[in-house]
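File shown here: entry-v4.cif, holding mmCIF, C-alpha atoms.
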```cif
data_protein
loop_
_atom_site.label_atom_id
_atom_site.label_comp_id
_atom_site.auth_asym_id
_atom_site.auth_seq_id
_atom_site.Cartn_x
_atom_site.Cartn_y
_atom_site.Cartn_z
CA MET U 1 50.21 99.21 -69.22
CA GLU U 2 52.94 96.68 -68.69
CA ALA U 3 50.83 94.02 -66.99
CA CYS U 4 48.31 93.83 -69.82
CA GLN U 5 51.00 92.83 -72.25
CA VAL U 6 51.54 89.30 -70.74
CA ALA U 7 50.12 86.65 -73.05
CA ARG U 8 47.43 84.74 -71.19
CA LYS U 9 46.41 81.19 -71.97
CA GLN U 10 42.71 80.61 -71.85
CA ASP U 11 41.34 77.36 -70.34
CA LEU U 12 39.94 75.48 -73.30
CA PRO U 13 38.72 71.93 -74.02
CA PRO U 14 41.43 69.47 -75.01
CA PRO U 15 42.02 69.08 -78.68
CA GLY U 16 39.31 66.93 -80.16
CA GLY U 17 36.85 67.95 -77.49
CA TYR U 18 35.81 66.42 -74.17
CA LYS U 19 35.16 62.71 -73.85
CA PRO U 20 31.49 61.78 -73.80
CA ILE U 21 29.96 61.63 -70.33
CA PRO U 22 29.36 57.96 -69.36
CA TYR U 23 25.75 58.16 -68.37
CA LYS U 24 24.71 54.68 -69.38
CA ARG U 25 23.77 52.22 -66.61
CA VAL U 26 26.27 49.45 -65.96
CA PRO U 27 24.09 46.79 -64.34
CA ALA U 28 25.66 44.28 -61.92
CA LYS U 29 26.15 40.82 -63.27
CA THR U 30 23.03 38.79 -62.42
CA LEU U 31 24.10 35.44 -61.04
CA PHE U 32 20.64 34.36 -59.91
CA SER U 33 17.24 35.40 -60.90
CA GLY U 34 14.72 36.41 -58.26
CA TYR U 35 12.91 33.11 -58.34
CA THR U 36 16.17 31.22 -57.95
CA MET U 37 17.09 33.33 -54.93
CA PHE U 38 13.73 32.69 -53.28
CA ALA U 39 14.03 29.02 -54.00
CA GLY U 40 17.59 29.04 -52.66
CA TYR U 41 16.51 30.77 -49.48
CA PHE U 42 13.78 28.28 -48.81
CA GLY U 43 15.99 25.37 -49.77
CA ILE U 44 18.86 26.39 -47.50
CA THR U 45 16.48 27.17 -44.65
CA ALA U 46 14.77 23.83 -44.99
CA PHE U 47 18.08 22.00 -44.97
CA ALA U 48 19.28 23.99 -41.97
CA MET U 49 16.08 23.20 -40.13
CA TYR U 50 16.62 19.54 -40.84
CA LEU U 51 20.14 19.75 -39.41
CA TYR U 52 18.81 21.71 -36.44
CA SER U 53 16.19 19.08 -35.79
CA LEU U 54 18.85 16.37 -35.78
CA ASN U 55 20.88 18.32 -33.28
CA TYR U 56 17.83 19.11 -31.19
CA LYS U 57 16.86 15.48 -30.96
CA GLN U 58 20.38 14.51 -30.02
CA ILE U 59 20.48 17.09 -27.23
CA LEU U 60 17.09 15.94 -26.00
CA ARG U 61 18.32 12.35 -25.94
CA ASP U 62 21.41 13.33 -23.98
CA GLN U 63 19.35 15.26 -21.47
CA ILE U 64 16.98 12.34 -21.00
CA GLU U 65 19.95 10.05 -20.56
CA MET U 66 21.42 12.25 -17.85
CA ARG U 67 18.07 12.46 -16.10
CA SER U 68 17.76 8.72 -16.35
CA ALA U 69 21.19 8.21 -14.82
CA LYS U 70 20.32 10.54 -11.96
CA MET U 71 17.03 8.78 -11.34
CA ALA U 72 18.78 5.43 -11.25
CA ILE U 73 21.06 6.46 -8.39
CA TYR U 74 18.50 8.62 -6.62
CA PRO U 75 16.97 5.86 -4.42
CA MET U 76 20.39 4.99 -3.04
CA LEU U 77 21.22 8.62 -2.35
CA LEU U 78 17.83 9.19 -0.75
CA ALA U 79 18.16 6.13 1.49
CA GLU U 80 21.56 7.31 2.63
CA ARG U 81 20.32 10.84 3.18
CA ASP U 82 17.31 9.65 5.19
CA ARG U 83 19.50 7.77 7.63
CA ALA U 84 21.90 10.68 8.05
CA TYR U 85 18.96 13.05 8.50
CA LEU U 86 17.28 10.96 11.18
CA LYS U 87 20.59 10.59 13.00
CA GLN U 88 21.01 14.34 13.00
CA LEU U 89 17.45 14.94 14.19
CA ARG U 90 18.04 12.70 17.18
CA LYS U 91 21.31 14.48 17.91
CA ASN U 92 19.53 17.83 17.74
CA ARG U 93 16.81 16.74 20.12
CA ASP U 94 19.36 15.35 22.57
CA ALA U 95 21.36 18.56 22.33
CA GLU U 96 18.26 20.59 23.11
CA ALA U 97 17.41 18.41 26.12
CA GLU U 98 20.99 18.77 27.36
CA LEU U 99 21.03 22.52 26.83
CA MET U 100 17.69 23.23 28.51
CA LYS U 101 17.89 20.71 31.34
CA ASP U 102 18.31 23.40 34.01
CA VAL U 103 15.34 25.45 32.87
CA PRO U 104 12.28 24.54 34.97
CA GLY U 105 9.16 23.74 33.00
CA TRP U 106 10.93 23.34 29.68
CA GLU U 107 9.84 20.43 27.56
CA VAL U 108 11.79 19.41 24.50
CA GLY U 109 10.22 20.45 21.23
CA THR U 110 7.71 22.79 22.86
CA TYR U 111 7.65 26.25 24.36
CA TYR U 112 7.17 25.45 28.07
CA GLY U 113 4.76 22.69 27.14
CA GLU U 114 3.02 24.55 24.29
CA LYS U 115 3.35 22.58 21.10
CA VAL U 116 3.93 24.10 17.69
CA TYR U 117 1.45 21.79 15.96
CA LYS U 118 -1.16 20.87 18.54
CA LEU U 119 -3.61 19.10 16.21
CA LEU U 120 -1.16 16.63 14.71
CA PRO U 121 -0.97 13.13 16.13
CA PRO U 122 1.87 12.93 18.66
CA ASP U 123 4.11 10.63 16.59
CA THR U 124 4.17 12.81 13.45
CA LEU U 125 7.57 13.66 12.10
CA VAL U 126 7.51 17.35 11.24
CA GLU U 127 10.64 18.25 9.36
CA PRO U 128 12.27 21.20 11.12
CA ILE U 129 13.08 24.32 9.17
CA PHE U 130 16.63 25.06 8.13
CA HIS U 131 17.51 27.35 11.03
CA GLU U 132 16.19 24.89 13.58
CA TYR U 133 18.05 22.05 11.96
CA TYR U 134 21.32 23.97 12.21
CA ALA U 135 20.51 25.53 15.59
CA HIS U 136 23.12 23.56 17.56
CA SER U 137 25.85 23.60 14.94
CA ARG U 138 28.73 25.99 14.63
CA SER U 139 27.84 29.22 12.90
CA TRP U 140 30.45 28.58 10.24
CA GLU U 141 28.75 25.32 9.29
CA TRP U 142 25.43 27.10 9.12
CA PHE U 143 27.00 29.75 6.92
CA GLN U 144 28.60 27.21 4.63
CA ARG U 145 25.31 25.45 4.06
CA ALA U 146 23.24 28.60 3.78
CA TYR U 147 25.54 30.23 1.26
CA LEU U 148 26.44 27.11 -0.64
CA LYS U 149 25.03 28.69 -3.75
CA LEU U 150 27.42 31.61 -3.53
CA ARG U 151 30.45 29.37 -3.40
CA SER U 152 29.48 26.83 -6.01
CA MET C 1 12.77 22.41 17.59
CA VAL C 2 9.43 20.97 16.55
CA LEU C 3 10.34 17.42 17.57
CA THR C 4 8.88 16.60 20.95
CA ALA C 5 9.83 13.68 23.16
CA ASP C 6 6.78 11.76 21.83
CA VAL C 7 8.17 11.55 18.33
CA HIS C 8 9.88 8.25 17.80
CA LEU C 9 13.32 8.73 16.30
CA PRO C 10 15.37 5.61 15.67
CA GLU C 11 18.56 5.01 17.61
CA GLU C 12 21.85 5.67 15.91
CA SER C 13 22.67 1.97 15.99
CA GLU C 14 19.52 1.20 13.99
CA LEU C 15 20.58 3.66 11.33
CA THR C 16 24.20 2.65 10.99
CA VAL C 17 24.85 0.38 8.04
CA PRO C 18 27.90 0.23 5.79
CA GLU C 19 27.51 3.16 3.44
CA LEU C 20 28.80 3.51 -0.07
CA GLN C 21 32.16 5.27 -0.31
CA LEU C 22 32.04 6.28 -3.95
CA SER C 23 32.25 9.62 -5.68
CA SER C 24 29.83 11.02 -8.23
CA PRO C 25 31.74 9.95 -11.38
CA ALA C 26 31.76 6.36 -10.18
CA LEU C 27 28.06 6.47 -9.38
CA PHE C 28 27.27 7.95 -12.78
CA ALA C 29 29.45 5.37 -14.48
CA GLY C 30 27.57 2.55 -12.81
CA SER C 31 24.16 4.22 -12.78
CA PHE C 32 22.41 2.41 -15.62
CA HIS C 33 23.51 -1.09 -14.69
CA LEU C 34 22.95 -0.31 -11.03
CA GLY C 35 19.40 0.80 -11.71
CA LYS C 36 18.73 -2.37 -13.64
CA TYR C 37 20.39 -4.64 -11.09
CA CYS C 38 18.58 -3.12 -8.09
CA GLU C 39 15.33 -2.28 -9.86
CA GLN C 40 13.15 -4.24 -7.46
CA ALA C 41 14.70 -2.80 -4.30
CA ASN C 42 14.72 0.74 -5.70
CA ASN C 43 11.09 0.59 -6.77
CA GLU C 44 10.06 -0.84 -3.43
CA PHE C 45 11.87 1.92 -1.57
CA MET C 46 10.66 4.78 -3.74
CA LEU C 47 7.07 3.58 -3.63
CA CYS C 48 7.24 3.29 0.15
CA ARG C 49 8.86 6.69 0.44
CA LEU C 50 6.24 8.39 -1.72
CA GLU C 51 3.27 6.57 -0.23
CA GLU C 52 4.24 6.97 3.39
CA GLY C 53 5.96 10.34 3.07
CA ASP C 54 7.96 9.57 6.20
CA PRO C 55 11.62 8.51 6.23
CA ARG C 56 11.17 6.54 9.45
CA LYS C 57 8.77 4.06 7.88
CA CYS C 58 11.02 3.08 4.99
CA LEU C 59 14.28 2.38 6.78
CA LYS C 60 14.13 -1.33 6.05
CA GLU C 61 13.61 -0.74 2.35
CA GLY C 62 16.33 1.90 2.35
CA LYS C 63 18.79 -0.50 3.92
CA ALA C 64 17.89 -3.05 1.27
CA VAL C 65 18.64 -0.45 -1.41
CA THR C 66 22.04 0.34 0.06
CA ALA C 67 22.87 -3.35 0.49
CA CYS C 68 21.91 -4.06 -3.11
CA THR C 69 24.00 -1.13 -4.34
CA MET C 70 27.00 -2.34 -2.33
CA GLU C 71 26.56 -5.81 -3.76
CA PHE C 72 26.43 -4.46 -7.31
CA PHE C 73 29.58 -2.39 -6.97
CA ARG C 74 31.39 -5.29 -5.28
CA LYS C 75 30.53 -7.46 -8.26
CA VAL C 76 31.73 -4.78 -10.65
CA LYS C 77 34.94 -4.53 -8.69
CA GLN C 78 35.48 -8.25 -8.96
CA SER C 79 34.77 -8.58 -12.64
CA CYS C 80 35.22 -5.27 -14.50
CA LEU C 81 37.34 -3.03 -12.31
CA GLN C 82 39.70 -1.91 -15.05
CA GLU C 83 36.95 -0.99 -17.50
CA PHE C 84 34.89 0.65 -14.78
CA ASN C 85 37.76 2.83 -13.62
CA GLN C 86 38.51 3.85 -17.17
CA TYR C 87 34.89 4.83 -17.77
CA ALA C 88 34.56 6.69 -14.45
CA ASN C 89 37.79 8.53 -15.14
CA CYS C 90 36.49 9.61 -18.53
CA ILE C 91 33.21 10.84 -17.02
CA ASP C 92 35.09 12.70 -14.34
CA LYS C 93 37.44 14.52 -16.64
CA SER C 94 35.52 15.08 -19.86
CA SER C 95 32.91 17.56 -18.71
CA GLY C 96 31.81 19.67 -15.81
CA ASP C 97 28.53 17.88 -15.20
CA TYR C 98 29.50 14.21 -15.48
CA SER C 99 27.79 14.01 -18.80
CA LEU C 100 27.81 10.57 -20.35
CA LYS C 101 27.81 11.66 -23.97
CA GLN C 102 31.53 12.39 -24.03
CA CYS C 103 32.50 8.84 -23.13
CA ARG C 104 30.87 6.52 -25.63
CA THR C 105 34.02 4.55 -26.37
CA THR C 106 34.87 3.71 -22.78
CA GLN C 107 31.17 3.16 -22.14
CA GLY C 108 31.07 0.56 -24.90
CA VAL C 109 34.01 -1.28 -23.35
CA PHE C 110 32.42 -1.24 -19.92
CA ASP C 111 28.99 -2.29 -21.24
CA LYS C 112 30.50 -5.22 -23.05
CA CYS C 113 32.39 -6.36 -19.97
CA VAL C 114 29.29 -6.12 -17.75
CA LEU C 115 27.21 -7.96 -20.30
CA ASP C 116 29.77 -10.74 -20.64
CA LYS C 117 30.68 -11.23 -17.01
CA MET C 118 27.65 -10.11 -15.01
CA ASN C 119 25.01 -10.65 -17.67
CA ILE C 120 23.37 -7.25 -17.25
CA GLU C 121 22.40 -5.47 -20.42
CA ARG C 122 22.52 -1.68 -20.42
CA PRO C 123 18.95 -0.36 -20.54
CA GLY C 124 17.91 2.23 -23.12
CA PHE C 125 18.75 5.86 -22.56
CA GLY C 126 15.35 6.80 -21.14
CA TYR C 127 14.62 3.63 -19.23
CA PHE C 128 14.56 5.18 -15.76
CA CYS C 129 12.47 8.14 -16.88
CA GLU C 130 9.60 5.89 -17.89
CA ALA C 131 6.60 5.46 -15.67
CA ARG C 132 6.45 2.03 -14.13
CA VAL C 133 4.01 -0.09 -12.22
CA HIS C 134 5.37 -1.81 -9.16
CA ASP C 135 3.65 -4.67 -7.40
CA THR C 136 4.40 -4.76 -3.71
CA LYS C 137 3.44 -6.84 -0.69
CA ARG C 138 3.54 -3.89 1.66
CA PRO C 139 -0.02 -2.82 2.55
CA LYS C 140 -1.14 0.52 1.26
CA PRO C 141 -1.34 3.21 3.93
CA LEU C 142 -4.88 4.16 4.84
CA PRO C 143 -6.14 7.49 3.59
CA GLU C 144 -6.40 10.20 6.18
CA PRO C 145 -9.80 9.93 7.88
CA LYS C 146 -12.22 12.78 7.53
CA ALA C 147 -11.87 15.29 10.34
CA VAL C 148 -14.65 15.28 12.94
CA TYR C 149 -15.18 18.53 14.79
CA PRO C 150 -17.09 18.13 18.08
CA ASP C 151 -18.14 21.79 18.17
CA ALA C 152 -19.52 21.93 14.64
CA THR C 153 -22.84 23.75 14.17
CA PRO C 154 -25.66 21.17 14.12
CA ALA C 155 -27.56 20.94 10.85
CA LEU C 156 -31.33 21.53 10.55
CA PRO C 157 -33.45 18.42 11.04
CA GLU C 158 -34.75 16.72 7.89
CA ASN C 159 -38.37 17.81 8.33
CA ALA C 160 -37.71 21.37 9.43
CA GLU C 161 -40.12 23.92 8.06
CA LYS C 162 -38.54 25.91 5.24
CA LYS C 163 -40.41 29.15 4.71
CA PRO C 164 -39.92 31.29 1.63
CA ALA C 165 -37.46 34.13 2.08
CA ARG C 166 -39.04 37.15 3.68
CA PHE C 167 -37.31 39.77 1.58
CA GLY C 168 -36.97 37.86 -1.68
CA SER C 169 -33.83 36.46 -3.15
CA ARG C 170 -30.49 38.17 -2.82
CA PHE C 171 -29.85 37.06 -6.38
CA TYR C 172 -32.98 38.59 -7.86
CA TRP C 173 -31.17 39.66 -11.01
CA MET C 174 -30.17 36.08 -11.67
CA THR C 175 -33.18 34.06 -10.57
CA GLU C 176 -36.18 36.12 -11.59
#
```
Whole structure given in structure tokens:
Amino acid sequence: MEACQVARKQDLPPPGGYKPIPYKRVPAKTLFSGYTMFAGYFGITAFAMYLYSLNYKQILRDQIEMRSAKMAIYPMLLAERDRAYLKQLRKNRDAEAELMKDVPGWEVGTYYGEKVYKLLPPDTLVEPIFHEYYAHSRSWEWFQRAYLKLRS
Amino acid sequence: MVLTADVHLPEESELTVPELQLSSPALFAGSFHLGKYCEQANNEFMLCRLEEGDPRKCLKEGKAVTACTMEFFRKVKQSCLQEFNQYANCIDKSSGDYSLKQCRTTQGVFDKCVLDKMNIERPGFGYFCEARVHDTKRPKPLPEPKAVYPDATPALPENAEKKPARFGSRFYWMTE
């Protein structure tokens, strides 16, 4: 047979044999021992906590300073607000009297003479709720105040 | 509205005083020295406001507060306007919440000017957060008297006969 005559080369090891299989462990270089790493962890953490505490105290101081500044100007703002508020209350009451003057039996601040708080002494200032306070204003002003949070 | 004609509300003329025309950065810039300068008036007003709980009763004190504040800022304007404006400008533009910590340099300049010319030292950072005792001449408001109800159920007389309970105690598991 013709095909059987072709010289075939058998797959054999290289001359001199295969290289030995590298089965020995090559351990990573140990920079730190276990104890050193634990000590390093605690050391770095302690130092970081010290830095954190410095920062924490500084932030606390700044917050207290801001609160202090606000409390220093608060009496002035409150005094101003009180006057504006009382002015507006009087305007509201006058507006109600003007609006309801043609309605027989209507008394200002009551429902045909029936008070909201009948047990309170007559000269008690009850702060009206938001919708009553804005009752005689334009609806846009009411909206602006009511949805202030959405816009700011 | 809840306000009847019996409620006394002051006239507009009683409530109109010259008000401060300053923006928030300016108020924050002057806050510490202002608080120190007007400490007496502020304490008087806040004590009144908290004790009385009624804005109508503290209008006089409130006007004193506003007058004192006006006086303080007028003095600042006379003596340290340049430094004050610089500091307020810094507070306005350095942060979104007027924080004072961004402006220590300009603050130092302003503090020094106020100390030299108006002789007000800047109080410590938490000075206005501390609790304080204020001595006032205004009489303390009386406590609310105890309510008297004319239709209350009359109590038993002192010497009424008190028989033992006919069916034992309701709390027999506790008292026996």
Please evaluate the PyMOL selection byres ((chain C) within 7 of (chain U)) against the displayed coordinates and give the resulting residues as a ChimeraX atom specification.
/C:1-9,12,15,28,31-32,35,42,46,55,62,65-66,99,101,125-129
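Between CA of Lys77 in chain C and CA of Leu34 in chain C the interatomic distance comes to 12.9 Å.
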Would you list the contacts of range 146-148 of chain U as a VMD selection string, taking every protein, DNA or RNA residue within 10 Å and counting all atoms listed in the file, but skipping same-chain residues closer than 4 positions in sequence?
chain U and resid 130 to 131 134 140 to 142 152
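Proximity to Leu120 in chain U was assessed for C:Ala147, C:Glu14, C:Asp135, C:Leu81 counting all atoms listed in the file; the smallest distance is recorded for C:Ala147.
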For CA of Ser137 in chain U and CA of Ser13 in chain C, determine how far apart the two atoms are, in Å to one decimal place.
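Taking CA of Ser137 in chain U and CA of Ser13 in chain C, their separation equals 21.9 Å.
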Please write as an mmCIF file with C-alpha atoms, in the coordinates of the input the list of polymer residues whose atoms come within 7 Å of (25.5, -3.5, -25.9), counting all atoms listed in the file and keeping to the coordinates of the file.
```cif
data_model
loop_
_atom_site.group_PDB
_atom_site.id
_atom_site.type_symbol
_atom_site.label_atom_id
_atom_site.label_comp_id
_atom_site.auth_asym_id
_atom_site.auth_seq_id
_atom_site.Cartn_x
_atom_site.Cartn_y
_atom_site.Cartn_z
ATOM 1 C CA GLY C 108 31.070 0.560 -24.900
ATOM 2 C CA ASP C 111 28.990 -2.290 -21.240
ATOM 3 C CA LYS C 112 30.500 -5.220 -23.050
ATOM 4 C CA GLU C 121 22.400 -5.470 -20.420
ATOM 5 C CA ARG C 122 22.520 -1.680 -20.420
#
```
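CA of Ala29 in chain C lies 15.0 Å from CA of Ser79 in chain C.
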Let me make sure I understand: among C:Gln78, C:Ile91, C:Asn43, C:Leu156, which one has the smallest atom-to-atom distance to Arg104 in chain C if we use all atoms listed in the file?
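Using all atoms listed in the file, Arg104 in chain C sits closest to C:Ile91.
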